[in-house]
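**Student:** Structure: data-v7.tsv, TSV, C-alpha atoms.
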chain	number	residue	atom	x	y	z
A	1	MET	CA	-13.57	-1.57	26.56
A	2	SER	CA	-16.32	-0.08	24.49
A	3	GLU	CA	-15.81	0.31	20.76
A	4	SER	CA	-16.97	3.95	20.96
A	5	ASN	CA	-13.83	4.92	22.90
A	6	LYS	CA	-11.58	3.48	20.20
A	7	LYS	CA	-10.26	5.80	17.53
A	8	TRP	CA	-7.91	5.46	14.59
A	9	TYR	CA	-4.39	6.86	14.98
A	10	VAL	CA	-1.45	7.15	12.60
A	11	LEU	CA	1.89	5.71	13.70
A	12	ARG	CA	5.19	6.69	12.08
A	13	THR	CA	7.58	3.92	11.05
A	14	ALA	CA	10.95	3.61	9.37
A	15	GLY	CA	10.57	3.54	5.59
A	16	GLY	CA	10.27	0.02	4.24
A	17	LYS	CA	9.69	-1.42	7.73
A	18	GLU	CA	5.91	-0.91	7.97
A	19	LYS	CA	5.00	-4.62	8.01
A	20	LYS	CA	7.78	-5.52	10.47
A	21	ALA	CA	6.70	-2.69	12.79
A	22	LYS	CA	3.12	-3.95	12.61
A	23	GLU	CA	4.24	-7.49	13.52
A	24	TYR	CA	6.32	-6.24	16.46
A	25	LEU	CA	3.47	-4.04	17.68
A	26	GLU	CA	0.98	-6.92	17.57
A	27	LYS	CA	3.41	-9.13	19.55
A	28	GLU	CA	3.91	-6.41	22.18
A	29	ILE	CA	0.14	-5.85	22.50
A	30	GLU	CA	-0.29	-9.58	23.11
A	31	ARG	CA	2.68	-9.78	25.50
A	32	PHE	CA	1.30	-6.96	27.68
A	33	GLY	CA	-2.31	-8.25	27.45
A	34	LEU	CA	-3.67	-5.10	25.79
A	35	GLN	CA	-5.86	-6.83	23.17
A	36	ASP	CA	-9.00	-5.31	24.73
A	37	TYR	CA	-7.69	-1.81	23.97
A	38	VAL	CA	-6.73	-2.47	20.33
A	39	SER	CA	-9.20	-3.47	17.60
A	40	GLN	CA	-6.78	-3.67	14.69
A	41	VAL	CA	-3.42	-2.66	13.30
A	42	LEU	CA	-3.35	-1.97	9.57
A	43	VAL	CA	-0.79	-1.34	6.83
A	44	PRO	CA	-2.97	-0.16	3.90
A	45	THR	CA	-1.79	-1.72	0.62
A	46	GLU	CA	-3.05	-2.39	-2.87
A	47	LYS	CA	-2.25	-5.13	-5.36
A	48	VAL	CA	-0.39	-4.03	-8.47
A	49	TYR	CA	0.28	-6.26	-11.45
A	50	ARG	CA	3.38	-5.75	-13.57
A	51	ILE	CA	4.31	-7.43	-16.79
A	52	ARG	CA	7.83	-8.86	-16.52
A	53	GLU	CA	9.34	-11.06	-19.20
A	54	GLY	CA	5.88	-11.74	-20.58
A	55	LYS	CA	4.45	-12.85	-17.21
A	56	ARG	CA	1.97	-11.00	-15.06
A	57	ILE	CA	3.55	-10.55	-11.62
A	58	CYS	CA	1.50	-9.45	-8.58
A	59	THR	CA	3.14	-7.15	-6.03
A	60	GLU	CA	1.84	-5.02	-3.18
A	61	ARG	CA	2.22	-1.25	-3.06
A	62	LEU	CA	1.80	0.75	0.14
A	63	PHE	CA	-0.83	3.49	0.21
A	64	TYR	CA	1.07	5.41	2.88
A	65	PRO	CA	4.78	4.52	3.00
A	66	GLY	CA	6.25	5.12	6.45
A	67	TYR	CA	2.93	4.83	8.31
A	68	VAL	CA	0.85	2.20	10.13
A	69	LEU	CA	-2.73	2.72	11.30
A	70	ILE	CA	-4.09	1.52	14.64
A	71	GLU	CA	-7.63	1.48	15.99
A	72	ALA	CA	-7.32	1.67	19.75
A	73	GLU	CA	-8.35	3.21	23.01
A	74	LEU	CA	-5.13	4.91	24.07
A	75	THR	CA	-3.88	4.14	27.52
A	76	GLY	CA	-0.63	5.37	29.01
A	77	GLU	CA	0.79	1.85	28.83
A	78	LEU	CA	-0.13	1.44	25.15
A	79	GLN	CA	1.36	4.82	24.26
A	80	TYR	CA	4.57	3.94	26.11
A	81	ILE	CA	4.87	0.61	24.25
A	82	ILE	CA	4.32	2.25	20.86
A	83	ARG	CA	6.83	5.03	21.52
A	84	ASN	CA	9.53	2.98	23.28
A	85	GLU	CA	9.20	-0.79	22.84
A	86	VAL	CA	8.45	-1.38	19.14
A	87	PRO	CA	11.45	-1.51	16.77
A	88	HIS	CA	11.15	0.57	13.56
A	89	MET	CA	8.35	2.69	15.08
A	90	SER	CA	8.89	6.28	16.13
A	91	GLY	CA	5.50	7.07	17.65
A	92	PHE	CA	2.30	8.84	16.73
A	93	LEU	CA	1.43	11.68	14.41
A	94	THR	CA	0.91	14.36	17.06
A	95	GLU	CA	0.05	17.96	17.53
A	96	LYS	CA	1.42	20.32	20.15
A	97	ARG	CA	-0.97	21.59	22.79
A	98	ASP	CA	-0.43	23.89	25.71
A	99	VAL	CA	-1.01	22.14	29.00
A	100	SER	CA	-1.19	24.27	32.13
A	101	LYS	CA	0.81	23.04	35.12
A	102	GLY	CA	-0.11	23.52	38.75
A	103	ASN	CA	2.47	26.30	39.13
A	104	GLY	CA	0.61	28.50	36.60
A	105	LYS	CA	3.11	27.94	33.77
A	106	ALA	CA	1.96	26.58	30.42
A	107	GLN	CA	3.98	23.80	28.86
A	108	GLU	CA	3.73	22.29	25.39
A	109	GLU	CA	2.90	18.60	25.14
A	110	LYS	CA	2.68	16.39	22.05
A	111	ILE	CA	-0.69	14.66	21.93
A	112	PRO	CA	-1.65	11.88	19.47
A	113	ILE	CA	-4.42	13.12	17.19
A	114	PRO	CA	-7.07	10.67	16.02
A	115	LEU	CA	-8.14	10.55	12.39
A	116	ARG	CA	-11.48	12.15	11.52
A	117	ASP	CA	-14.31	9.74	10.66
A	118	SER	CA	-14.33	10.98	7.06
A	119	GLU	CA	-10.60	10.18	6.73
A	120	VAL	CA	-11.08	6.71	8.20
A	121	LYS	CA	-13.97	5.95	5.84
A	122	ARG	CA	-11.94	7.12	2.84
A	123	ILE	CA	-8.86	5.09	3.82
A	124	LEU	CA	-10.77	1.93	4.71
A	125	GLY	CA	-13.01	2.35	1.65
A	126	GLU	CA	-9.95	2.54	-0.62
A	127	GLN	CA	-8.48	-0.51	1.10
A	128	ASP	CA	-11.70	-2.53	0.64
A	129	GLU	CA	-12.00	-1.41	-2.98
A	130	LYS	CA	-8.45	-2.51	-3.78
A	131	ILE	CA	-8.99	-5.89	-2.09
A	132	ALA	CA	-12.28	-6.47	-3.89
A	133	GLY	CA	-10.97	-5.28	-7.25
A	134	GLU	CA	-8.54	-7.22	-9.35
A	135	GLY	CA	-5.81	-4.65	-8.91
A	136	GLU	CA	-4.04	-2.29	-11.19
A	137	THR	CA	-1.83	-3.47	-14.05
A	138	VAL	CA	1.26	-1.37	-14.55
A	139	ILE	CA	2.25	-1.17	-18.20
A	140	ASP	CA	5.95	-1.06	-18.88
A	141	TYR	CA	5.54	-0.68	-22.64
A	142	THR	CA	5.64	2.50	-24.71
A	143	VAL	CA	4.56	3.20	-28.27
A	144	GLY	CA	7.47	2.67	-30.67
A	145	GLU	CA	9.24	0.20	-28.37
A	146	ALA	CA	10.71	-3.02	-29.83
A	147	VAL	CA	9.17	-6.24	-28.45
A	148	LYS	CA	9.50	-9.97	-29.03
A	149	ILE	CA	6.40	-12.18	-29.23
A	150	THR	CA	6.75	-15.05	-26.73
A	151	ASP	CA	3.40	-16.83	-27.01
A	152	GLY	CA	0.88	-17.77	-29.67
A	153	PRO	CA	1.18	-18.57	-33.40
A	154	PHE	CA	3.64	-15.70	-33.99
A	155	SER	CA	6.01	-16.68	-31.16
A	156	GLY	CA	9.59	-15.69	-31.98
A	157	PHE	CA	8.61	-12.74	-34.21
A	158	ASP	CA	9.94	-9.26	-33.44
A	159	GLY	CA	7.71	-6.20	-33.64
A	160	THR	CA	7.11	-2.62	-32.61
A	161	VAL	CA	4.38	-1.41	-30.24
A	162	GLU	CA	1.93	0.71	-32.24
A	163	GLU	CA	-0.82	1.20	-29.64
A	164	ILE	CA	-1.53	0.31	-26.01
A	165	VAL	CA	-5.13	-0.65	-25.16
A	166	GLU	CA	-4.98	-0.48	-21.35
A	167	ASP	CA	-8.63	-1.23	-20.58
A	168	ARG	CA	-8.37	-4.59	-22.40
A	169	SER	CA	-4.74	-5.33	-21.40
A	170	LYS	CA	-3.73	-5.55	-25.06
A	171	LEU	CA	-0.98	-4.20	-27.31
A	172	LYS	CA	-1.19	-3.57	-31.03
A	173	VAL	CA	2.15	-4.67	-32.43
A	174	MET	CA	3.47	-4.09	-35.98
A	175	VAL	CA	5.15	-7.27	-37.28
A	176	MET	CA	6.73	-8.17	-40.64
A	177	ILE	CA	4.97	-11.31	-41.93
A	178	PHE	CA	5.92	-12.57	-45.42
A	179	GLY	CA	7.51	-9.20	-46.21
A	180	ARG	CA	4.39	-7.22	-45.27
A	181	LYS	CA	3.73	-5.08	-42.23
A	182	THR	CA	0.86	-6.55	-40.23
A	183	ILE	CA	-0.69	-5.33	-36.99
A	184	LEU	CA	-1.37	-8.00	-34.36
A	185	GLU	CA	-3.41	-7.51	-31.22
A	186	LEU	CA	-1.68	-9.33	-28.35
A	187	ASN	CA	-2.09	-9.66	-24.59
A	188	PHE	CA	0.53	-8.00	-22.38
A	189	THR	CA	1.63	-11.51	-21.38
A	190	GLN	CA	2.34	-12.57	-24.98
A	191	VAL	CA	5.26	-10.19	-25.49
A	192	THR	CA	8.48	-9.22	-23.78
A	193	LYS	CA	10.80	-6.27	-24.23
A	194	GLU	CA	13.69	-6.74	-26.66
Can I see the file as structure tokens?
**Tutor:**
Amino acid sequence: MSESNKKWYVLRTAGGKEKKAKEYLEKEIERFGLQDYVSQVLVPTEKVYRIREGKRICTERLFYPGYVLIEAELTGELQYIIRNEVPHMSGFLTEKRDVSKGNGKAQEEKIPIPLRDSEVKRILGEQDEKIAGEGETVIDYTVGEAVKITDGPFSGFDGTVEEIVEDRSKLKVMVMIFGRKTILELNFTQVTKE
């Protein structure tokens, strides 16, 4: 199969079951020997870092919840498998088109629509960017919030968030040291919520 005949399509899945649907689809493609018709199956995600209990935790967030992308040359057999054989998958994003029948009557048919090249480049570009980059850190702190210092020379001290410096992953925290208010600059990982 030539690569030029392959296009990207969007498949609908049950929410929260995107990765399972992808696994099932890949197994079915292998079972039916359709690897030549499919280049790749993709669940676009990005890494997101959250600060939990003073630790930086990495999680994945879906770009498009409820959808899986496939680069394939669609055959009748492949379409049948996607629509009927793969658990958690409900088929393609389609559009209705009038198809004329031999008896002169027009009938509507749902046809899978491929993504435009510009859409594919944007989606794959975002995916590559997120993989190459370190990922996004989600800040759970707000100005005025009470925190406890868990690391460093001031471990055990309580304070209040005065400022969040996102680009440097730092917090400015107001702490009482020897009866005086002092501002400390701490990493997100050095504090936890009270």
**Student:** Smallest atom-to-atom distance to Lys170 of chain A: which of A:Arg83, A:Gly156, A:Gln40, A:Ile51, using only C-alpha atoms?
**Tutor:**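 So, comparing all the options, the nearest one is A:Ile51.
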**Student:** For a test of reading the model, state the distance in Å between atom CA of Thr59 of chain A and atom CA of Gly144 of chain A, rounded to one decimal.
**Tutor:**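 So the two atoms, atom CA of Thr59 of chain A and atom CA of Gly144 of chain A, lie 26.9 Å apart.
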**Student:** Between A:Leu171, A:Ile81, A:Lys19, A:Arg56, which is the closest to Arg31 of chain A once you count all atoms listed in the file?
**Tutor:**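 Of the candidates, the smallest distance to Arg31 of chain A is held by A:Ile81.
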**Student:** Smallest atom-to-atom distance to Val147 of chain A: which of A:Leu93, A:Ile113, A:Leu25, A:Leu186, using all atoms listed in the file?
**Tutor:**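 Comparing A:Leu93, A:Ile113, A:Leu25, A:Leu186 against Val147 of chain A, the winner is A:Leu186.
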**Student:** By how many Å are atom CA of Met174 of chain A and atom CA of Glu145 of chain A apart?
**Tutor:**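 For atom CA of Met174 of chain A relative to atom CA of Glu145 of chain A, the distance reads 10.5 Å.
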**Student:** Considering only C-alpha atoms, state which residue in the set A:Tyr64, A:Thr160, A:Lys55, A:Gly15 is at the smallest distance from Asn187 of chain A.
**Tutor:**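 So, comparing all the options, the nearest one is A:Lys55.
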